[in-house]
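Undergrad: Please see the structure below; I have some questions.
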Number of protein chains: 2
Amino acid sequence: MARAATTADAFNAVAEPRRRQILDALAGGERPVNDLARLLELAQPQVSKHLRVLKAVDLVAVRDAGRQRLYRLNSPPLQPIYEWVKQYEQLWSERFDQMDVVLEELKEKEKGNDKDQ
Amino acid sequence: MARAATTADAFNAVAEPRRRQILDALAGGERPVNDLARLLELAQPQVSKHLRVLKAVDLVAVRDAGRQRLYRLNSPPLQPIYEWVKQYEQLWSERFDQMDVVLEELKEKEKGNDKDQ
DNA sequence: TTGACGTATTCCCATATCAGAATATAATGA
DNA sequence: TCATTATATTCTGATATGGGAATACGTCAA
């Protein structure tokens, strides 16, 4: 098998920086496609394609407005990412863990020194 | 160009479920490769390959222990993901608040129905 | 040294990606 | 209806993935 599709879940969809930028832009409110293209300095077809991926994982919704299509953010599908990564936030923010890492490295170094002698 | 490499950053590395599982397993402490393979019911070579990706983005560190190689979690590279997704957490919790409002209204209506009976 | 164990690498292959260019579709206004 | 504007789709090509299988590498014990 190959790599999971970008449309497989929010994790994969959001791994692409352009798509994160699009979501960031939509956080300010709904926008038509060309607007996004101008903002991100990206060609219109690429924007449409990225939006398609985001739509597939339900991260955006669309609304027709004449010839324009107004896309808007739908953030809830990001929640699993938040929930997953949140658990690790403690690990890097807690001082004790950092101390553990430092101590581990010191032990390693000491081992190396022992070997040398 | 093609899709960004899995080793491009933590976003891409972590988009693969198996690699998240590996990190989850390592959250409990350092482990040798075969241990992980058994835990995740995955063939050893695949585990080694996933670990290589995780190492490339500095999400794991290794320590030699005889014939074994003990891998351990290094969570700080996950921080950019947390920081990015955290901004959206408010948006969906606000939505929940709105839902609360709706539920409240429903309850009110029900009260009204009770009165009718 | 040899054999066994633990881990890493390589090869194969089906599958997707992303950008760019070209083109198609849809809606509006004259 | 026709031209214009806004968006979507299709095609191409270079690239990489992830699993499976086979194999190579490294270390320890006898």
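Chains: A, B, ... in order of the structure tokens. Residues: from 1 per chain. Ligands: from 1, in order shown.
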Show which residues sit within 7 Å of range 4-17 of chain C, as a VMD selection string. Count only C-alpha atoms (C1' of nucleotides), and ignore same-chain residues fewer than 6 positions away.

TA: (chain A and resid 1 to 2 5) or (chain B and resid 2 to 3 48 67 to 68)

Undergrad: Could you turn the residues from that selection into a file that holds C-alpha atoms, as a compact mmCIF listing (two decimals), in the first residue's frame?

TA:
```txt
# COMPACT_ATOMS: atom_id res chain seq x y z
CA MET A 1 0.00 0.00 0.00
CA ALA A 2 0.93 3.61 -0.31
CA ALA A 5 -4.84 9.67 1.22
CA ALA B 2 4.99 15.61 -5.04
CA ARG B 3 3.61 15.42 -1.57
CA SER B 48 12.22 0.15 12.22
CA ARG B 67 21.97 -5.89 20.92
CA GLN B 68 18.89 -3.89 21.60
```

Undergrad: For DG29 in chain C, work out the shell of residues within 12 Å, counting only C-alpha atoms (C1' of nucleotides) and skipping chain neighbours fewer than 3 positions away, then give it as JSON, numbers by chain.

TA: {"D": [1, 2, 3, 4, 5]}

Undergrad: Can I get the selection written as a PDB file, in the first residue's frame, with C-alpha atoms (C1' of nucleotides)?

TA:
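Contents of the output file part-v1.pdb:
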```
ATOM      1  C1'  DT D   1     -27.316  34.616 -27.306  1.00  0.00           C
ATOM      2  C1'  DC D   2     -22.600  35.940 -26.354  1.00  0.00           C
ATOM      3  C1'  DA D   3     -18.812  37.547 -23.658  1.00  0.00           C
ATOM      4  C1'  DT D   4     -17.095  37.697 -19.140  1.00  0.00           C
ATOM      5  C1'  DT D   5     -16.208  36.311 -14.648  1.00  0.00           C
TER       6       DT D   5
END
```

Undergrad: Please, which residues of chain A lie no more than 9 Å from chain B when the count uses only C-alpha atoms, and can they be set out as a list of chain:residue names?

TA: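 Result: A:Arg3, A:Ala4, A:Asp9, A:Ala10, A:Phe11, A:Asn12, A:Ala13, A:Val14, A:Ala15, A:Glu16, A:Arg20, A:Ala27, A:Asn74, A:Ser75, A:Pro76, A:Leu78, A:Gln79, A:Ile81, A:Tyr82, A:Trp84, A:Val85, A:Lys86, A:Tyr88, A:Glu89, A:Leu91, A:Trp92, A:Ser93, A:Val101, A:Glu108.
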
Undergrad: Between CA of Tyr71 in chain A and CA of Glu30 in chain A, what is the spacing in Å?

TA: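 We find that CA of Glu30 in chain A and CA of Tyr71 in chain A lie 5.3 Å from each other.
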
Undergrad: What does the distance between C1' of DA21 in chain D and CA of Ala56 in chain B come to in Å, to one decimal place?

TA: 24.9 Å

Undergrad: Mind listing the helix (DSSP H, G or I) residues of range 2-116 of chain A, per DSSP on the backbone, as a ChimeraX atom specification?

TA: /A:10-13,17-26,33-40,44-56,76-93,95-116

Undergrad: Determine which residues of chain D sit within 10 Å of chain A, taking into account only C-alpha atoms (C1' of nucleotides), and present them as an mmCIF file with N, CA and C atoms (P, O5', C5', C4', C3', O3' and C1' of nucleotides), in the first residue's frame.

TA:
```
data_model
loop_
_atom_site.group_PDB
_atom_site.id
_atom_site.type_symbol
_atom_site.label_atom_id
_atom_site.label_comp_id
_atom_site.auth_asym_id
_atom_site.auth_seq_id
_atom_site.Cartn_x
_atom_site.Cartn_y
_atom_site.Cartn_z
ATOM 1 P P DT D 5 -14.056 40.104 -17.340
ATOM 2 O "O5'" DT D 5 -14.480 39.383 -15.989
ATOM 3 C "C5'" DT D 5 -15.700 39.738 -15.358
ATOM 4 C "C4'" DT D 5 -16.148 38.610 -14.471
ATOM 5 C "C3'" DT D 5 -15.044 38.061 -13.554
ATOM 6 O "O3'" DT D 5 -15.493 38.137 -12.212
ATOM 7 C "C1'" DT D 5 -16.208 36.311 -14.648
ATOM 8 P P DA D 6 -14.542 37.749 -11.039
ATOM 9 O "O5'" DA D 6 -15.029 36.261 -10.779
ATOM 10 C "C5'" DA D 6 -16.304 36.022 -10.204
ATOM 11 C "C4'" DA D 6 -16.406 34.556 -9.835
ATOM 12 C "C3'" DA D 6 -15.198 34.018 -9.065
ATOM 13 O "O3'" DA D 6 -15.676 33.319 -7.928
ATOM 14 C "C1'" DA D 6 -15.637 32.671 -10.951
ATOM 15 P P DT D 7 -14.633 32.605 -6.938
ATOM 16 O "O5'" DT D 7 -14.666 31.115 -7.506
ATOM 17 C "C5'" DT D 7 -15.921 30.440 -7.523
ATOM 18 C "C4'" DT D 7 -15.783 29.114 -8.232
ATOM 19 C "C3'" DT D 7 -14.786 28.131 -7.624
ATOM 20 O "O3'" DT D 7 -15.518 27.029 -7.130
ATOM 21 C "C1'" DT D 7 -14.666 28.143 -9.981
ATOM 22 P P DA D 8 -14.778 25.776 -6.498
ATOM 23 O "O5'" DA D 8 -14.722 24.763 -7.732
ATOM 24 C "C5'" DA D 8 -15.917 24.409 -8.401
ATOM 25 C "C4'" DA D 8 -15.632 23.367 -9.461
ATOM 26 C "C3'" DA D 8 -14.791 22.184 -8.982
ATOM 27 O "O3'" DA D 8 -15.457 20.988 -9.382
ATOM 28 C "C1'" DA D 8 -13.802 23.172 -10.910
ATOM 29 P P DT D 9 -14.795 19.592 -9.006
ATOM 30 O "O5'" DT D 9 -14.070 19.206 -10.376
ATOM 31 C "C5'" DT D 9 -14.818 19.234 -11.572
ATOM 32 C "C4'" DT D 9 -13.936 18.852 -12.746
ATOM 33 C "C3'" DT D 9 -13.097 17.595 -12.525
ATOM 34 O "O3'" DT D 9 -13.397 16.692 -13.586
ATOM 35 C "C1'" DT D 9 -11.766 19.364 -13.364
ATOM 36 P P DA D 16 11.553 12.476 -3.511
ATOM 37 O "O5'" DA D 16 10.597 11.634 -2.549
ATOM 38 C "C5'" DA D 16 9.465 12.264 -1.974
ATOM 39 C "C4'" DA D 16 8.510 11.202 -1.489
ATOM 40 C "C3'" DA D 16 9.195 10.069 -0.743
ATOM 41 O "O3'" DA D 16 8.820 10.184 0.628
ATOM 42 C "C1'" DA D 16 7.540 9.284 -2.302
ATOM 43 P P DT D 17 9.056 9.265 1.743
ATOM 44 O "O5'" DT D 17 7.696 8.457 1.710
ATOM 45 C "C5'" DT D 17 6.471 9.141 1.837
ATOM 46 C "C4'" DT D 17 5.358 8.140 1.706
ATOM 47 C "C3'" DT D 17 5.522 6.956 2.660
ATOM 48 O "O3'" DT D 17 4.421 6.941 3.553
ATOM 49 C "C1'" DT D 17 5.057 6.235 0.424
ATOM 50 P P DG D 18 4.735 6.457 5.024
ATOM 51 O "O5'" DG D 18 4.191 4.961 4.947
ATOM 52 C "C5'" DG D 18 2.841 4.732 4.590
ATOM 53 C "C4'" DG D 18 2.669 3.252 4.308
ATOM 54 C "C3'" DG D 18 3.388 2.355 5.318
ATOM 55 O "O3'" DG D 18 2.538 1.305 5.732
ATOM 56 C "C1'" DG D 18 4.094 1.851 3.113
ATOM 57 P P DG D 19 2.870 0.398 6.954
ATOM 58 O "O5'" DG D 19 2.756 -1.075 6.350
ATOM 59 C "C5'" DG D 19 1.580 -1.427 5.647
ATOM 60 C "C4'" DG D 19 1.898 -2.547 4.682
ATOM 61 C "C3'" DG D 19 2.601 -3.728 5.344
ATOM 62 O "O3'" DG D 19 1.819 -4.903 5.153
ATOM 63 C "C1'" DG D 19 3.763 -3.013 3.377
ATOM 64 P P DG D 20 2.217 -6.259 5.893
ATOM 65 O "O5'" DG D 20 3.119 -7.045 4.813
ATOM 66 C "C5'" DG D 20 2.614 -7.230 3.507
ATOM 67 C "C4'" DG D 20 3.621 -7.999 2.677
ATOM 68 C "C3'" DG D 20 4.369 -9.085 3.450
ATOM 69 O "O3'" DG D 20 4.374 -10.285 2.668
ATOM 70 C "C1'" DG D 20 5.907 -7.581 2.440
#
```

Undergrad: Where does DSSP see strand (DSSP E or B) in range 22-88 of chain A, if you list the residues as a PDB file with C-alpha atoms, in the first residue's frame?

TA:
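Listing of out-v7.pdb after writing:
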```
ATOM      1  CA  ARG A  31     -14.221  33.865   1.582  1.00  0.00           C
ATOM      2  CA  PRO A  32     -14.520  33.181  -2.126  1.00  0.00           C
ATOM      3  CA  VAL A  60     -14.695  23.557   5.287  1.00  0.00           C
ATOM      4  CA  ALA A  61     -18.238  24.123   4.120  1.00  0.00           C
ATOM      5  CA  VAL A  62     -19.411  25.967   1.039  1.00  0.00           C
ATOM      6  CA  ARG A  63     -22.214  28.305   0.236  1.00  0.00           C
ATOM      7  CA  ASP A  64     -23.174  29.451  -3.222  1.00  0.00           C
ATOM      8  CA  ALA A  65     -23.383  33.159  -3.762  1.00  0.00           C
ATOM      9  CA  GLN A  68     -18.902  32.893  -6.290  1.00  0.00           C
ATOM     10  CA  ARG A  69     -18.592  30.077  -3.841  1.00  0.00           C
ATOM     11  CA  LEU A  70     -18.017  31.177  -0.295  1.00  0.00           C
ATOM     12  CA  TYR A  71     -15.999  28.755   1.776  1.00  0.00           C
ATOM     13  CA  ARG A  72     -16.033  28.798   5.518  1.00  0.00           C
ATOM     14  CA  LEU A  73     -14.172  27.020   8.251  1.00  0.00           C
TER      15      LEU A  73
END
```

Undergrad: When distances are computed from only C-alpha atoms (C1' of nucleotides), which of C:DT2, C:DA30, C:DA24, C:DA19 shows the smallest separation from chain B?

TA: C:DA19

Undergrad: Nearest residue to Leu40 in chain B out of B:Thr7, B:Leu59, B:Val53, B:Leu26, using only C-alpha atoms?

TA: B:Leu26
